[in-house]
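J.: My questions will all concern the structure given below.
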Amino acid sequence: MPVSAATATKLREAMARLLGGEPLHSNGALTKENLAREAQVSHATVHRADEILAEWDAKVARPVLRTPGEAARDETIAKLREQLREAKTQVSEVQGKFDALATVAANLYHENLALKRKLGNSRRLASVPAPTTDSDTARTDD
């Protein structure tokens with residue numbers, strides 16, 4: 001169901017104000033929602049106005065141009081995000097290795113305790129020879 005002539009006029013006037021950068025009833029962003037606000041009609045009414053929506057799409061559907069600074073910023077952000085992904089991957093790998101080493105250390109600790117309990121008081125210690133001094137090894141070959 002198409003819109004009335006009065007509504008079509010309101011929408012075209014609202015479109016002219018938005019495209020001219022002089023909104024009266026919206027924040028000026030070039031969206032269909034703002035077109036409805038600017039014309040003071042419902043969003044559904046805007047979507048029933050097929051001819052006006054085609055005009056809107058023809059005028060607003062232009063690519064967003066970025067300044068060289070914005071383009072450089074976006075490239076830097078993309079590179080930093082990639083570096084962050086790589087760093088997170090490395091951290092995950094190192095954390096996995098750390099967890100494995102901690103598990104091995106815990107197992108060795110408990111194995112050591114079990115062996116000490118098994119030995120109990122019957123420990124056999126190897127005797128270590130006492131260190132010798134130079135005077136003990138002095139020869140008297142006269």
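Letters A, B, ... go to the chains of the structure tokens in the order shown; residues in each chain start at 1; ligands are counted from 1 in the same order.
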From a DSSP pass on the backbone, collect the residues of stretch 6-139 of chain A flagged as helix (DSSP H, G or I) and hand them back as JSON, numbers by chain.
T.: {"A": [6, 7, 8, 9, 10, 11, 12, 13, 14, 15, 16, 17, 18, 19, 20, 32, 33, 34, 35, 36, 37, 38, 39, 43, 44, 45, 46, 47, 48, 50, 51, 52, 53, 54, 55, 56, 57, 58, 59, 60, 68, 69, 70, 71, 72, 73, 74, 75, 76, 77, 78, 79, 80, 81, 82, 83, 84, 85, 86, 87, 88, 89, 90, 91, 92, 93, 94, 95, 96, 97, 98, 99, 100, 101, 102, 103, 104, 105, 106, 107, 108, 109, 110, 111, 112, 113, 114, 115, 116, 117, 118, 119]}
J.: Tell me which of A:Ala44, A:Leu84, A:Val91, A:Ala61 sits closest to A:Leu30, counting only C-alpha atoms.
T.: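 Closest to A:Leu30 of all the choices is A:Ala61.
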J.: Find the residue from A:Leu115, A:Leu19, A:Val3, A:Val94 that sits nearest to A:Asp50; use only C-alpha atoms when measuring.
T.: A:Val3
J.: Tell me, in Å to one decimal, how far atom CA of A:Lys32 is from atom CA of A:Ala14.
T.: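 Separation between atom CA of A:Lys32 and atom CA of A:Ala14: 10.7 Å.
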J.: So what do you get for atom CA of A:Asp57 versus atom CA of A:Ala29, distance-wise?
T.: 14.0 Å
J.: What is the distance, in Å and to one decimal place, between atom CA of A:Ser92 and atom CA of A:Ala105?
T.: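 Atom-to-atom, atom CA of A:Ser92 to atom CA of A:Ala105, that is 19.9 Å.
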J.: Residues within 12 Å of A:Lys10, please, as a count of residues only. Count only C-alpha atoms; anything in the same chain fewer than 3 positions from it doesn't count.
T.: 22
